[in-house]
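See structure below.
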Amino acid sequence: MESKKRSTPEIWKALSNQIRRDLLCFIGEKQIVSFTEIQEKFQMKVGTLYHHLDTLGELITQNHLKKYLLTEKGRRAFVLIEDELDVSAPSLQAYGRLSFLHNIFLRPVFRFINNDAIRSLGFTLMILIGLTIATYFLSVTPIFLFPSFISPSYFAPIYFIASVIITYVICEALVILIFRKSSNKLALFQSIIIIQIPLVLLCLLESLVFQSEYPTSLLQIDIWFIVVLILIQLIFVGFLIEAIIIVKELRIEKAGSIALFTVFIVNSFAFLIMNMLEVLI
């Protein structure tokens with residue numbers, strides 16, 4: 001019992017540091033890893049890296065080849081960090097040296113929503129109402145990630161709201177099914193409302209460019225508009241990844257997989273719906 005009491009503060013000290021948590025997760029993901037691989041991953045001085053490895057103490061060990069692996073306690077800590085809490089995700093420097101991109105991809109906004117989803121609800125509902133009204137007057141709405149002219153115009157807000165809800169449901173379902181993260185549902189829904197802004201701005205551009213004559217296929221659209229469309233979709237993906245990192249507290253690789261699956265599914269829905277609309281028109 002005394003040994004256990006003595007070791008507990010040391011374990012908490014080891015896991016209190018962000019670098020050591022990332023180091024523990026790296027060893028846990030690789031299962032067996034050499035010192036050289038660790039050094040290449042973390043780009044630290046040898047002395048600093050040895051200090052962090054020594055501080056991890058009884059959470060890691062070495063085999064006969066001097067490669068590092070987790071002990072039983074280390075595996076339990078890895079499960080706690082990686083699968084249950086994922087505590088390192090919110091402060092993870094996901095873009096490396098380009099960490100300023102967190103601000104460009106609306107990290108402060110998503111933090112504001114995540115910190116108090118109830119108080120921020122009025123803010124996001126105002127944005128949703130504004131975007132919905134805009135789709136009505138433009139007669140153009142993003143059907144998921146593709147802007148489309150809708151006639152009569154009063155159907156445009158219906159398609160827009162349905163797209164927002166379905167996008168949220170798909171994203172939330174994927175997070176729950178794959179990573180078992182069911183918290184902060186309201187915050188994720190509000191975040192998905194926010195990331196609709198560039199899509200609606202693209203609708204505005206489309207209405208100004210094409211006005212009455214709207215091309216019936218991608219082959220009839222100017223190449224510059226296709227480039228803009230792809231750029232806006234990439235921005236949407238970036239926003240969605242950042243929202244998932246903040247709201248669901250997942251690492252960037254996990255958030256990226258959820259975002260890509262979501263985009264793939266909603267784009268498939270978009271093609272089906274637009275083909276149906278083309279047949280009806």
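Each chain in the structure tokens gets a letter, A, B, ..., in the order shown, and its residues are numbered from 1; ligands are numbered from 1 in order too.
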For stretch 115-131 of chain A, please output as a list in words all residues within 6 Å (counting only C-alpha atoms; exclusion window: fewer than 4 positions along the same chain).
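Surrounding residues, per the criterion: Arg111, Ala187 and Gln190 of chain A.
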Which polymer residues have any atom within 6 Å of an atom of A:Pro157, counting only C-alpha atoms, with same-chain residues fewer than 4 positions away left out, as a PDB file with C-alpha atoms, in the first residue's frame?
ATOM      1  CA  THR A 132     -31.436  31.271 -43.802  1.00  0.00           C
ATOM      2  CA  THR A 135     -30.617  31.875 -49.005  1.00  0.00           C
ATOM      3  CA  TYR A 136     -34.246  32.971 -49.520  1.00  0.00           C
TER       4      TYR A 136
END
Write out as a PyMOL selection string each polymer residue whose atoms come within 6 Å of A:Thr262, counting only C-alpha atoms; drop sequence neighbours fewer than 3 positions from it.
chain A and resi 171+259+265
The selected residues should be written to file as a PDB file, in the first residue's frame (atoms: N, CA and C atoms).
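And here is the file that came out, selection-v9.pdb:
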ATOM      1  N   CYS A 171     -22.116  13.872 -38.636  1.00  0.00           N
ATOM      2  CA  CYS A 171     -20.856  14.106 -37.916  1.00  0.00           C
ATOM      3  C   CYS A 171     -20.950  13.577 -36.488  1.00  0.00           C
ATOM      4  N   ALA A 259     -14.057  14.367 -40.154  1.00  0.00           N
ATOM      5  CA  ALA A 259     -14.418  15.414 -41.107  1.00  0.00           C
ATOM      6  C   ALA A 259     -14.460  14.873 -42.532  1.00  0.00           C
ATOM      7  N   ILE A 265     -19.812  11.639 -47.152  1.00  0.00           N
ATOM      8  CA  ILE A 265     -21.214  11.229 -47.073  1.00  0.00           C
ATOM      9  C   ILE A 265     -22.137  12.349 -47.535  1.00  0.00           C
TER      10      ILE A 265
END
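Of note, atom CA of A:Ser163 and atom CA of A:Phe110 are spaced 20.3 Å apart.
Closest approach to A:Ile252 among A:Phe239, A:Phe269, A:Phe112, A:Phe155 is made by A:Phe239 (distances from only C-alpha atoms).
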Show me, as a PyMOL selection string, the residues that have an atom within 8 Å of A:Leu240 when counting only C-alpha atoms, minus same-chain residues fewer than 4 positions from it.
chain A and resi 191-192+195+236+244+259
Contacts of A:Leu70 at 8 Å (only C-alpha atoms; same-chain gap of 4+ positions) as a list in words:
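Close residues of A:Leu70: Leu24, Ile27, Gly28, Gln31, Leu59, Ile60, Thr61, Gly74 and Arg75 of chain A.
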DSSP-assigned alpha helix (DSSP H) members of stretch 139-248 of chain A, reported as a PyMOL selection string
chain A and resi 156-179+185-194+197-210+223-248
How would the residues just picked look written out with C-alpha atoms as a PDB file, in the first residue's frame?
ATOM      1  CA  ALA A 156     -34.094  27.444 -50.484  1.00  0.00           C
ATOM      2  CA  PRO A 157     -34.206  28.002 -46.678  1.00  0.00           C
ATOM      3  CA  ILE A 158     -35.794  24.562 -46.234  1.00  0.00           C
ATOM      4  CA  TYR A 159     -32.966  22.872 -48.137  1.00  0.00           C
ATOM      5  CA  PHE A 160     -30.411  24.931 -46.197  1.00  0.00           C
ATOM      6  CA  ILE A 161     -31.738  24.052 -42.737  1.00  0.00           C
ATOM      7  CA  ALA A 162     -32.119  20.394 -43.737  1.00  0.00           C
ATOM      8  CA  SER A 163     -28.498  20.357 -44.954  1.00  0.00           C
ATOM      9  CA  VAL A 164     -27.254  21.830 -41.655  1.00  0.00           C
ATOM     10  CA  ILE A 165     -29.195  19.327 -39.557  1.00  0.00           C
ATOM     11  CA  ILE A 166     -28.191  16.313 -41.654  1.00  0.00           C
ATOM     12  CA  THR A 167     -24.526  17.381 -41.644  1.00  0.00           C
ATOM     13  CA  TYR A 168     -24.634  17.644 -37.857  1.00  0.00           C
ATOM     14  CA  VAL A 169     -26.395  14.287 -37.428  1.00  0.00           C
ATOM     15  CA  ILE A 170     -23.861  12.507 -39.645  1.00  0.00           C
ATOM     16  CA  CYS A 171     -20.856  14.106 -37.916  1.00  0.00           C
ATOM     17  CA  GLU A 172     -22.219  13.433 -34.426  1.00  0.00           C
ATOM     18  CA  ALA A 173     -23.100   9.840 -35.305  1.00  0.00           C
ATOM     19  CA  LEU A 174     -19.610   9.174 -36.677  1.00  0.00           C
ATOM     20  CA  VAL A 175     -17.949  10.578 -33.545  1.00  0.00           C
ATOM     21  CA  ILE A 176     -20.149   8.437 -31.298  1.00  0.00           C
ATOM     22  CA  LEU A 177     -19.794   5.258 -33.350  1.00  0.00           C
ATOM     23  CA  ILE A 178     -16.049   5.476 -33.953  1.00  0.00           C
ATOM     24  CA  PHE A 179     -14.698   7.229 -30.847  1.00  0.00           C
ATOM     25  CA  LYS A 185     -23.824  17.799 -28.743  1.00  0.00           C
ATOM     26  CA  LEU A 186     -25.251  21.329 -28.641  1.00  0.00           C
ATOM     27  CA  ALA A 187     -21.801  22.878 -29.034  1.00  0.00           C
ATOM     28  CA  LEU A 188     -21.077  20.753 -32.116  1.00  0.00           C
ATOM     29  CA  PHE A 189     -24.428  21.705 -33.662  1.00  0.00           C
ATOM     30  CA  GLN A 190     -23.683  25.398 -33.123  1.00  0.00           C
ATOM     31  CA  SER A 191     -20.206  24.962 -34.600  1.00  0.00           C
ATOM     32  CA  ILE A 192     -21.661  23.397 -37.741  1.00  0.00           C
ATOM     33  CA  ILE A 193     -23.958  26.412 -38.081  1.00  0.00           C
ATOM     34  CA  ILE A 194     -20.924  28.714 -37.923  1.00  0.00           C
ATOM     35  CA  ILE A 197     -20.860  30.977 -43.480  1.00  0.00           C
ATOM     36  CA  PRO A 198     -18.287  30.437 -46.291  1.00  0.00           C
ATOM     37  CA  LEU A 199     -20.785  28.215 -48.143  1.00  0.00           C
ATOM     38  CA  VAL A 200     -23.452  30.934 -48.053  1.00  0.00           C
ATOM     39  CA  LEU A 201     -20.876  33.516 -49.177  1.00  0.00           C
ATOM     40  CA  LEU A 202     -20.147  31.234 -52.118  1.00  0.00           C
ATOM     41  CA  CYS A 203     -23.878  31.210 -52.860  1.00  0.00           C
ATOM     42  CA  LEU A 204     -23.801  35.007 -52.931  1.00  0.00           C
ATOM     43  CA  LEU A 205     -20.914  34.938 -55.395  1.00  0.00           C
ATOM     44  CA  GLU A 206     -22.737  32.389 -57.538  1.00  0.00           C
ATOM     45  CA  SER A 207     -25.927  34.460 -57.660  1.00  0.00           C
ATOM     46  CA  LEU A 208     -23.953  37.550 -58.721  1.00  0.00           C
ATOM     47  CA  VAL A 209     -22.013  35.708 -61.415  1.00  0.00           C
ATOM     48  CA  PHE A 210     -24.663  33.548 -63.017  1.00  0.00           C
ATOM     49  CA  ILE A 223     -12.725  26.917 -64.348  1.00  0.00           C
ATOM     50  CA  TRP A 224     -12.134  29.781 -61.923  1.00  0.00           C
ATOM     51  CA  PHE A 225     -15.448  29.113 -60.202  1.00  0.00           C
ATOM     52  CA  ILE A 226     -14.611  25.413 -59.844  1.00  0.00           C
ATOM     53  CA  VAL A 227     -11.321  26.444 -58.197  1.00  0.00           C
ATOM     54  CA  VAL A 228     -13.201  28.754 -55.813  1.00  0.00           C
ATOM     55  CA  LEU A 229     -15.673  25.954 -55.048  1.00  0.00           C
ATOM     56  CA  ILE A 230     -12.849  23.545 -54.168  1.00  0.00           C
ATOM     57  CA  LEU A 231     -11.156  26.232 -52.033  1.00  0.00           C
ATOM     58  CA  ILE A 232     -14.374  26.909 -50.082  1.00  0.00           C
ATOM     59  CA  GLN A 233     -14.868  23.192 -49.503  1.00  0.00           C
ATOM     60  CA  LEU A 234     -11.303  22.900 -48.173  1.00  0.00           C
ATOM     61  CA  ILE A 235     -11.992  25.825 -45.824  1.00  0.00           C
ATOM     62  CA  PHE A 236     -15.163  24.053 -44.686  1.00  0.00           C
ATOM     63  CA  VAL A 237     -13.147  20.909 -43.935  1.00  0.00           C
ATOM     64  CA  GLY A 238     -10.582  22.961 -41.988  1.00  0.00           C
ATOM     65  CA  PHE A 239     -13.337  24.588 -39.929  1.00  0.00           C
ATOM     66  CA  LEU A 240     -14.968  21.224 -39.261  1.00  0.00           C
ATOM     67  CA  ILE A 241     -11.687  19.639 -38.132  1.00  0.00           C
ATOM     68  CA  GLU A 242     -11.008  22.534 -35.762  1.00  0.00           C
ATOM     69  CA  ALA A 243     -14.552  22.355 -34.375  1.00  0.00           C
ATOM     70  CA  ILE A 244     -14.234  18.623 -33.692  1.00  0.00           C
ATOM     71  CA  ILE A 245     -10.819  19.097 -32.032  1.00  0.00           C
ATOM     72  CA  ILE A 246     -12.223  21.717 -29.653  1.00  0.00           C
ATOM     73  CA  VAL A 247     -15.726  20.411 -29.018  1.00  0.00           C
ATOM     74  CA  LYS A 248     -15.081  16.657 -28.972  1.00  0.00           C
TER      75      LYS A 248
END
